[in-house]
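Enquirer: Pasting a structure here, questions to come.
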2 protein chains.
Amino acid sequence: MSDPTGDGTGGSARRGRRGGGGAAARRAARLEKRIFQAPAILRQLPVMDLLSLEAIEIIERNAETILEEIGVTFVDNPAALARWREAGADVVEDRVRIPRGLARTLCASAPSHFELQARNPERSVPIGGSHTVFAPVYGPPFVSDLDQGRRYATMADFEKLVKLVYMSPHLHISGGTLCEPTDIAVNKRHLDMVSAHLRWSDKPVMGSVTAPQRAADSVELVKIAFGDQFRSDQPSMVSLININSPLSFDGTMMQALEVYAEAGQACIVSPFIVGGAMAPVSIAGTLAQVLAEALAGIAYSQLVKPGAPVLFGAFVSSIDMNSGAPSFGTPEAATILAGAAQLARRLNLPFRSGGALCGSKAPDAQAAFESASTLWPTMTSGVNFALHAAGWLEGGLVASFEKLVMDADQLGALQRFAGSPIDLSENGQALDAVREVGPGGHYLGCAHTQANFQTAYWRSDVADYRPYETWAEDGAIETAARANARWKQLLAEYQAPTIDSGVDEALQEFVTRRKQAEPDAFV
Amino acid sequence: MSDPTGDGTGGSARRGRRGGGGAAARRAARLEKRIFQAPAILRQLPVMDLLSLEAIEIIERNAETILEEIGVTFVDNPAALARWREAGADVVEDRVRIPRGLARTLCASAPSHFELQARNPERSVPIGGSHTVFAPVYGPPFVSDLDQGRRYATMADFEKLVKLVYMSPHLHISGGTLCEPTDIAVNKRHLDMVSAHLRWSDKPVMGSVTAPQRAADSVELVKIAFGDQFRSDQPSMVSLININSPLSFDGTMMQALEVYAEAGQACIVSPFIVGGAMAPVSIAGTLAQVLAEALAGIAYSQLVKPGAPVLFGAFVSSIDMNSGAPSFGTPEAATILAGAAQLARRLNLPFRSGGALCGSKAPDAQAAFESASTLWPTMTSGVNFALHAAGWLEGGLVASFEKLVMDADQLGALQRFAGSPIDLSENGQALDAVREVGPGGHYLGCAHTQANFQTAYWRSDVADYRPYETWAEDGAIETAARANARWKQLLAEYQAPTIDSGVDEALQEFVTRRKQAEPDAFV
């Protein structure tokens, strides 16, 4: 790669940092702008309540019926069964039937909102209420970019993704498994992933959930990184606990939840549903099951530790009945997302859903339409924590470098749309501008325009705004190719956040020690 | 073009219609499905009210201040000035200053909703209230497709576009100037355009506005096509009257409005705003100007004929201050769209805005993100009539064949999302399915899934749902190329709606006679 910036400037970024000229100053100003971190979105728009009161009451009643009559299973987890028996549930083998109303009562001790701490306190974010935060893609075994195509992900890819998320002001969370670093042993990669987030970013992080020991390691790493800033009353990480829908709670996942809850760390308790496979092919049926699952999982978190911070999660896609593949950005998924958000608000709990989900194999128009058709309802439904909000491709099998910057750009637009109060000041009303310009005039040169144009309109970093002729002469470059240049530029401009050298060494020492404690496992 | 269907079947569509085998029957069933016309959307979701009461009151007060103090111009239109003077406005030269409250009072005689008649009465649609209808792109001088690229539009392109709109069930309106047929004389092309809509489609049409005589011709053509079905109490066409923002009403446009209003035909009275050029670079300022302009224009329609059916229109984009180009899909445009919808509801008038607007030069991810970022607020803001809802590319300079089918596909998803009540029947609740499957099971084979899967989820006609490997082996075809195949397939399957042969001849005779009445003009 002869030009790592991809913008034709070659090494000028490096020269610029050393130099003192006007170009260097401009580049420094641009760099500073890029490392700017947007705050959590405080939504200025009403939530889109799709469910009527009648629908809510039916769904809530059916969820209680599911819990009471059908029940849920807590697999390979005798401690959980004991807790449920103690709480008054009917436990037969691993089946837990929960008396009507019990789960909802237990959920009441979970906080309605909390502050998720970041290593850099300026990047801590509120979770819940009218706030929305964006987190990147989670879980893909593959990565792709336009240069090397689709391939198994490595730790080198993972670190690049951490850096790109760090450089994206509208991603509030550094994330968790941005991709699976398949070149690292399965039982050790959590150490590299969590420490990479803590080292190469200073945004809030997500912990490992693939074994209780790995969850405990994640907590230890965060404690080392946070040092004196570690607070016992507000979580310093949030982790994704998927439910094995329908109605089954995996022992490993639940034991990870137990570790986090006992350490006062936040968990997203999330049904994982491909409608038609893991839930009924109907909206009301899926919502009843989602609610039953979230109630049972969140209630369990409160049995482990009353007051443990949790989010009501809902990952919902639908199945394409021709191919059997999950499909994304469908109207039914959007409706379920909005309905689940409403049910979570009735429980007074923070809600996780949405993101830039798509099934497309390429970062093309299908990807964009599908992603936007999830991102918009994410925003209008009042999601508090949007995982997979950037970089998701091919049903989550792939983390795409191009899609990451394309999505992150859209998140900036959504933050502007949802989070900006309408300026009603005299300047915002702009009556003097209308007076100055008058009928048939134009505003380009008027005083109000000159004073306000630089901040008046959101501007994409990925879109091409030039006239057709200029664009065509310049090679008719489409969006994905521009995004390819942009992520390279961001990586070239990346500068690591500061970290105390003692803390850095302690993180490395912990990772090394834990890696030496057991042999590599690759399954 | 050796294979006009683009799907590799060559002439099998034609053979299929003659043949009697199973393949022919399946093709006929598919064809019928495609010519199915969706009804107008009856929105099941709450409208997204972004403006606080405080904001509304400020904007409404400022709009009245603009009308009273600055006024509007009615250019080259002595009759309009006389009407305004008569109504009590302060008229000096062509400037009309409207006393506070007068315009709003005049608007009260406009109907809150009406039925827009189609030549095929089954395709008539309600305009206003909780209904939304979609109309295709309007106005581009260019067309483009992946085969021939970007070029000046011709009448042959226009007819293809009429046919594609006819084949798109979620486009409710046949449209108007789908593209400018630049191979036909400027003073005659309206005859070919309106008669093509009436001949090759049976959905509601839009009339010419480029001269009062052309408006009168449009009315005559509709009267011929509708025959006995022509109703004087409900309009049979709707036409787009743009305001020359800021605050100026062009004589030609207003005289076209006069023709339509006097004939009982509907008009969209629409500020046409690139924010920063035709309105202040602020949301509250733009909304006050939009409201002032719509109030003045709609009030004028009611001075011409009280009770004339009109829509409050708002075409809003913002300017990219780096390039000076209009930009689309921006958060500010979405906010203004939602705000204007709210102001129109306060006037109890149908509202036109939104669409699949984009600035992208290609039907790529930028186009899709920008279009979705207009279509979603179109839907959630309660737009009644969405012009440019399919086919718009490059800031409206281009009608794209590929984008038309991509957008029309999205409209199907939006119709499903916004227009489908949540099924709360016993089948919709699906409790028996949850009982049958139980914890840890799966739903693919269960009775409820088998009974419902065919209609449970919306399915795109443009997206590719196959696994990566299959898609890649098959050439890794991206969305735009699939859309290219799809529009060719739709054109191959197109069958003209029936029309009485006498009516058809009368339309042709009128067009021929009117064309012979004057020499060609090319400006």
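Order determines the names: the first chain of the structure tokens is A, the second B, and so forth; residues in each chain are numbered 1 upward, and ligands are numbered 1 upward as they are shown.
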Kindly assemble as JSON lines a list of the chain A residues that lie within 6 Å of chain B, each paired with its nearest atom pair and their distance in Å to one decimal, using only C-alpha atoms, sorted first by chain and then by ascending residue number.
Expert:
```
{"residue": "A:Leu45", "atom": "CA", "partner": "B:Leu50", "partner_atom": "CA", "distance": 5.6}
{"residue": "A:Leu50", "atom": "CA", "partner": "B:Leu45", "partner_atom": "CA", "distance": 5.6}
{"residue": "A:Val72", "atom": "CA", "partner": "B:Pro439", "partner_atom": "CA", "distance": 5.8}
{"residue": "A:Pro246", "atom": "CA", "partner": "B:Pro439", "partner_atom": "CA", "distance": 5.2}
{"residue": "A:Leu247", "atom": "CA", "partner": "B:Pro439", "partner_atom": "CA", "distance": 4.5}
{"residue": "A:Ser248", "atom": "CA", "partner": "B:Pro439", "partner_atom": "CA", "distance": 5.3}
{"residue": "A:Gly276", "atom": "CA", "partner": "B:Tyr443", "partner_atom": "CA", "distance": 5.7}
{"residue": "A:Ala277", "atom": "CA", "partner": "B:Tyr443", "partner_atom": "CA", "distance": 4.6}
{"residue": "A:Met278", "atom": "CA", "partner": "B:His442", "partner_atom": "CA", "distance": 5.5}
{"residue": "A:Val281", "atom": "CA", "partner": "B:Ala456", "partner_atom": "CA", "distance": 5.9}
{"residue": "A:Ser282", "atom": "CA", "partner": "B:Gly428", "partner_atom": "CA", "distance": 5.7}
{"residue": "A:Ala284", "atom": "CA", "partner": "B:Gln429", "partner_atom": "CA", "distance": 5.0}
{"residue": "A:Gly285", "atom": "CA", "partner": "B:Gln429", "partner_atom": "CA", "distance": 4.5}
{"residue": "A:Pro331", "atom": "CA", "partner": "B:Phe417", "partner_atom": "CA", "distance": 4.6}
{"residue": "A:Asp364", "atom": "CA", "partner": "B:Ala365", "partner_atom": "CA", "distance": 4.8}
{"residue": "A:Ala365", "atom": "CA", "partner": "B:Ala365", "partner_atom": "CA", "distance": 4.1}
{"residue": "A:Gln366", "atom": "CA", "partner": "B:Thr479", "partner_atom": "CA", "distance": 5.9}
{"residue": "A:Ala368", "atom": "CA", "partner": "B:Ala365", "partner_atom": "CA", "distance": 5.2}
{"residue": "A:Phe369", "atom": "CA", "partner": "B:Ala368", "partner_atom": "CA", "distance": 5.4}
{"residue": "A:Ala413", "atom": "CA", "partner": "B:Pro331", "partner_atom": "CA", "distance": 5.6}
{"residue": "A:Phe417", "atom": "CA", "partner": "B:Pro331", "partner_atom": "CA", "distance": 4.6}
{"residue": "A:Gly428", "atom": "CA", "partner": "B:Ser282", "partner_atom": "CA", "distance": 5.6}
{"residue": "A:Gln429", "atom": "CA", "partner": "B:Gly285", "partner_atom": "CA", "distance": 4.5}
{"residue": "A:Ala430", "atom": "CA", "partner": "B:Gly285", "partner_atom": "CA", "distance": 4.9}
{"residue": "A:Pro439", "atom": "CA", "partner": "B:Leu247", "partner_atom": "CA", "distance": 4.5}
{"residue": "A:Gly440", "atom": "CA", "partner": "B:Pro246", "partner_atom": "CA", "distance": 5.4}
{"residue": "A:His442", "atom": "CA", "partner": "B:Ala277", "partner_atom": "CA", "distance": 5.4}
{"residue": "A:Tyr443", "atom": "CA", "partner": "B:Ala277", "partner_atom": "CA", "distance": 4.7}
{"residue": "A:Leu444", "atom": "CA", "partner": "B:Ala277", "partner_atom": "CA", "distance": 5.1}
{"residue": "A:Thr449", "atom": "CA", "partner": "B:Val281", "partner_atom": "CA", "distance": 5.9}
{"residue": "A:Ala456", "atom": "CA", "partner": "B:Val281", "partner_atom": "CA", "distance": 5.9}
{"residue": "A:Ala463", "atom": "CA", "partner": "B:Gln366", "partner_atom": "CA", "distance": 6.0}
{"residue": "A:Thr479", "atom": "CA", "partner": "B:Gln366", "partner_atom": "CA", "distance": 5.9}
```
Enquirer: Next, write the just-selected residues to a file, as an mmCIF file, in the first residue's frame, keeping N, CA and C atoms as the atom set.
Expert:
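Heads up, here's the output in selection25.cif:
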```cif
data_model
loop_
_atom_site.group_PDB
_atom_site.id
_atom_site.type_symbol
_atom_site.label_atom_id
_atom_site.label_comp_id
_atom_site.auth_asym_id
_atom_site.auth_seq_id
_atom_site.Cartn_x
_atom_site.Cartn_y
_atom_site.Cartn_z
ATOM 1 N N LEU A 45 -37.318 13.798 19.849
ATOM 2 C CA LEU A 45 -38.514 13.428 19.088
ATOM 3 C C LEU A 45 -39.375 12.469 19.904
ATOM 4 N N LEU A 50 -46.272 2.057 18.492
ATOM 5 C CA LEU A 50 -47.082 1.358 17.487
ATOM 6 C C LEU A 50 -48.179 0.507 18.102
ATOM 7 N N VAL A 72 -39.688 -21.732 30.998
ATOM 8 C CA VAL A 72 -38.413 -21.594 30.296
ATOM 9 C C VAL A 72 -37.459 -22.637 30.859
ATOM 10 N N PRO A 246 -36.193 -20.366 21.225
ATOM 11 C CA PRO A 246 -37.214 -19.961 22.171
ATOM 12 C C PRO A 246 -36.996 -20.472 23.599
ATOM 13 N N LEU A 247 -37.057 -19.534 24.534
ATOM 14 C CA LEU A 247 -37.357 -19.844 25.935
ATOM 15 C C LEU A 247 -36.305 -20.680 26.632
ATOM 16 N N SER A 248 -35.067 -20.629 26.156
ATOM 17 C CA SER A 248 -34.042 -21.447 26.785
ATOM 18 C C SER A 248 -32.838 -20.584 27.157
ATOM 19 N N GLY A 276 -39.849 -17.057 12.627
ATOM 20 C CA GLY A 276 -40.135 -18.207 11.778
ATOM 21 C C GLY A 276 -39.268 -19.391 12.137
ATOM 22 N N ALA A 277 -38.122 -19.127 12.803
ATOM 23 C CA ALA A 277 -37.249 -20.216 13.258
ATOM 24 C C ALA A 277 -37.224 -20.260 14.787
ATOM 25 N N MET A 278 -36.938 -19.107 15.417
ATOM 26 C CA MET A 278 -36.870 -19.066 16.873
ATOM 27 C C MET A 278 -38.088 -18.424 17.515
ATOM 28 N N VAL A 281 -44.156 -17.005 13.309
ATOM 29 C CA VAL A 281 -44.160 -16.066 12.166
ATOM 30 C C VAL A 281 -45.291 -15.058 12.292
ATOM 31 N N SER A 282 -45.402 -14.428 13.444
ATOM 32 C CA SER A 282 -46.405 -13.368 13.590
ATOM 33 C C SER A 282 -45.853 -12.345 14.565
ATOM 34 N N ALA A 284 -47.467 -10.362 16.882
ATOM 35 C CA ALA A 284 -47.953 -10.447 18.266
ATOM 36 C C ALA A 284 -47.387 -11.677 18.969
ATOM 37 N N GLY A 285 -47.234 -12.781 18.227
ATOM 38 C CA GLY A 285 -46.663 -13.985 18.817
ATOM 39 C C GLY A 285 -45.200 -13.796 19.179
ATOM 40 N N PRO A 331 -40.116 -4.859 7.136
ATOM 41 C CA PRO A 331 -41.105 -4.092 7.903
ATOM 42 C C PRO A 331 -41.553 -4.823 9.169
ATOM 43 N N ASP A 364 -23.568 -2.264 -0.823
ATOM 44 C CA ASP A 364 -24.210 -1.632 -1.969
ATOM 45 C C ASP A 364 -25.566 -1.049 -1.575
ATOM 46 N N ALA A 365 -26.422 -0.820 -2.557
ATOM 47 C CA ALA A 365 -27.721 -0.204 -2.274
ATOM 48 C C ALA A 365 -28.593 -1.095 -1.398
ATOM 49 N N GLN A 366 -28.553 -2.416 -1.620
ATOM 50 C CA GLN A 366 -29.337 -3.299 -0.744
ATOM 51 C C GLN A 366 -28.891 -3.135 0.697
ATOM 52 N N ALA A 368 -27.507 -0.601 2.097
ATOM 53 C CA ALA A 368 -27.892 0.712 2.617
ATOM 54 C C ALA A 368 -29.389 0.780 2.906
ATOM 55 N N PHE A 369 -30.210 0.284 1.982
ATOM 56 C CA PHE A 369 -31.657 0.310 2.219
ATOM 57 C C PHE A 369 -32.011 -0.526 3.451
ATOM 58 N N ALA A 413 -25.751 11.669 10.953
ATOM 59 C CA ALA A 413 -26.992 12.304 10.470
ATOM 60 C C ALA A 413 -28.136 12.038 11.446
ATOM 61 N N PHE A 417 -30.395 14.588 13.536
ATOM 62 C CA PHE A 417 -31.853 14.618 13.385
ATOM 63 C C PHE A 417 -32.551 14.461 14.734
ATOM 64 N N GLY A 428 -32.194 31.766 15.075
ATOM 65 C CA GLY A 428 -32.829 30.582 14.491
ATOM 66 C C GLY A 428 -34.099 30.943 13.738
ATOM 67 N N GLN A 429 -34.829 31.914 14.208
ATOM 68 C CA GLN A 429 -36.063 32.334 13.534
ATOM 69 C C GLN A 429 -35.770 33.042 12.209
ATOM 70 N N ALA A 430 -34.660 33.756 12.172
ATOM 71 C CA ALA A 430 -34.127 34.302 10.917
ATOM 72 C C ALA A 430 -35.091 35.243 10.194
ATOM 73 N N PRO A 439 -39.054 38.942 -1.518
ATOM 74 C CA PRO A 439 -39.598 38.092 -2.592
ATOM 75 C C PRO A 439 -38.672 38.030 -3.798
ATOM 76 N N GLY A 440 -38.412 36.813 -4.279
ATOM 77 C CA GLY A 440 -37.640 36.627 -5.502
ATOM 78 C C GLY A 440 -36.141 36.777 -5.346
ATOM 79 N N HIS A 442 -32.292 35.912 -3.280
ATOM 80 C CA HIS A 442 -31.702 34.651 -2.845
ATOM 81 C C HIS A 442 -30.817 34.858 -1.622
ATOM 82 N N TYR A 443 -30.668 33.776 -0.880
ATOM 83 C CA TYR A 443 -30.091 33.849 0.456
ATOM 84 C C TYR A 443 -28.589 33.607 0.498
ATOM 85 N N LEU A 444 -27.992 33.208 -0.634
ATOM 86 C CA LEU A 444 -26.594 32.766 -0.548
ATOM 87 C C LEU A 444 -25.693 33.837 0.048
ATOM 88 N N THR A 449 -27.000 34.002 6.315
ATOM 89 C CA THR A 449 -26.396 32.809 5.710
ATOM 90 C C THR A 449 -24.901 32.793 5.971
ATOM 91 N N ALA A 456 -24.904 25.038 9.682
ATOM 92 C CA ALA A 456 -26.357 24.916 9.471
ATOM 93 C C ALA A 456 -26.769 23.511 9.064
ATOM 94 N N ALA A 463 -20.547 10.738 1.285
ATOM 95 C CA ALA A 463 -21.292 11.084 0.073
ATOM 96 C C ALA A 463 -20.443 11.958 -0.841
ATOM 97 N N THR A 479 -19.954 4.777 -3.828
ATOM 98 C CA THR A 479 -19.851 4.983 -2.393
ATOM 99 C C THR A 479 -18.861 4.044 -1.710
#
```
Enquirer: Could you tell me, as a PyMOL selection string, which residues of stretch 174-372 of chain A DSSP assigns to alpha helix (DSSP H) when given the backbone?
Expert: chain A and resi 189-200+212-226+251-262+283-304+331-346+365-372
Enquirer: With distances taken over only C-alpha atoms, which residue among A:Ile268, A:Leu295, A:Leu146, A:Ile98 lies nearest A:Ser353?
Expert: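 Using only C-alpha atoms, the shortest distance to A:Ser353 belongs to A:Ile268.
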Enquirer: For each of A:Glu293, A:Glu473, A:Asp145, A:Asp409, take the minimum atom-to-atom distance to A:Glu64, counting only C-alpha atoms, then give the residue where this is smallest.
Expert: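 Of all the options, A:Glu293 lies closest to A:Glu64.
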Enquirer: Skipping near chain neighbours, those fewer than 2 positions away, what residues fall within 10 Å of A:Val125 using only C-alpha atoms, listed as a list in words?
Expert: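 The neighbour list is Pro39, Ala40, Ile41, Phe114, Glu115, Leu116, Gln117, Ala118, Pro121, Glu122, Arg123, Ile127, Gly128, His131, Thr132, Val133, His172, Ile173, Lys203 and Pro204 of chain A.
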Enquirer: Convert the current residue selection to file output with C-alpha atoms, as a PDB file, in the first residue's frame.
Expert:
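The new file result33.pdb reads:
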```pdb
ATOM      1  CA  PRO A  39     -22.207  12.916  23.466  1.00  0.00           C
ATOM      2  CA  ALA A  40     -24.981  10.372  23.900  1.00  0.00           C
ATOM      3  CA  ILE A  41     -28.035  11.409  21.915  1.00  0.00           C
ATOM      4  CA  PHE A 114     -27.435   4.092  34.709  1.00  0.00           C
ATOM      5  CA  GLU A 115     -24.206   5.647  33.585  1.00  0.00           C
ATOM      6  CA  LEU A 116     -21.869   3.399  31.642  1.00  0.00           C
ATOM      7  CA  GLN A 117     -18.353   4.413  32.610  1.00  0.00           C
ATOM      8  CA  ALA A 118     -15.546   4.872  30.125  1.00  0.00           C
ATOM      9  CA  PRO A 121     -14.603   9.863  32.029  1.00  0.00           C
ATOM     10  CA  GLU A 122     -15.553  12.358  29.322  1.00  0.00           C
ATOM     11  CA  ARG A 123     -16.736   9.395  27.265  1.00  0.00           C
ATOM     12  CA  ILE A 127     -27.981   4.347  29.342  1.00  0.00           C
ATOM     13  CA  GLY A 128     -31.769   4.571  29.450  1.00  0.00           C
ATOM     14  CA  HIS A 131     -30.816   8.707  25.584  1.00  0.00           C
ATOM     15  CA  THR A 132     -29.548   6.684  22.648  1.00  0.00           C
ATOM     16  CA  VAL A 133     -25.999   5.432  22.196  1.00  0.00           C
ATOM     17  CA  HIS A 172     -20.316   6.024  21.586  1.00  0.00           C
ATOM     18  CA  ILE A 173     -19.185   2.539  22.586  1.00  0.00           C
ATOM     19  CA  LYS A 203     -14.773   4.554  25.007  1.00  0.00           C
ATOM     20  CA  PRO A 204     -16.919   2.128  27.056  1.00  0.00           C
TER      21      PRO A 204
END
```
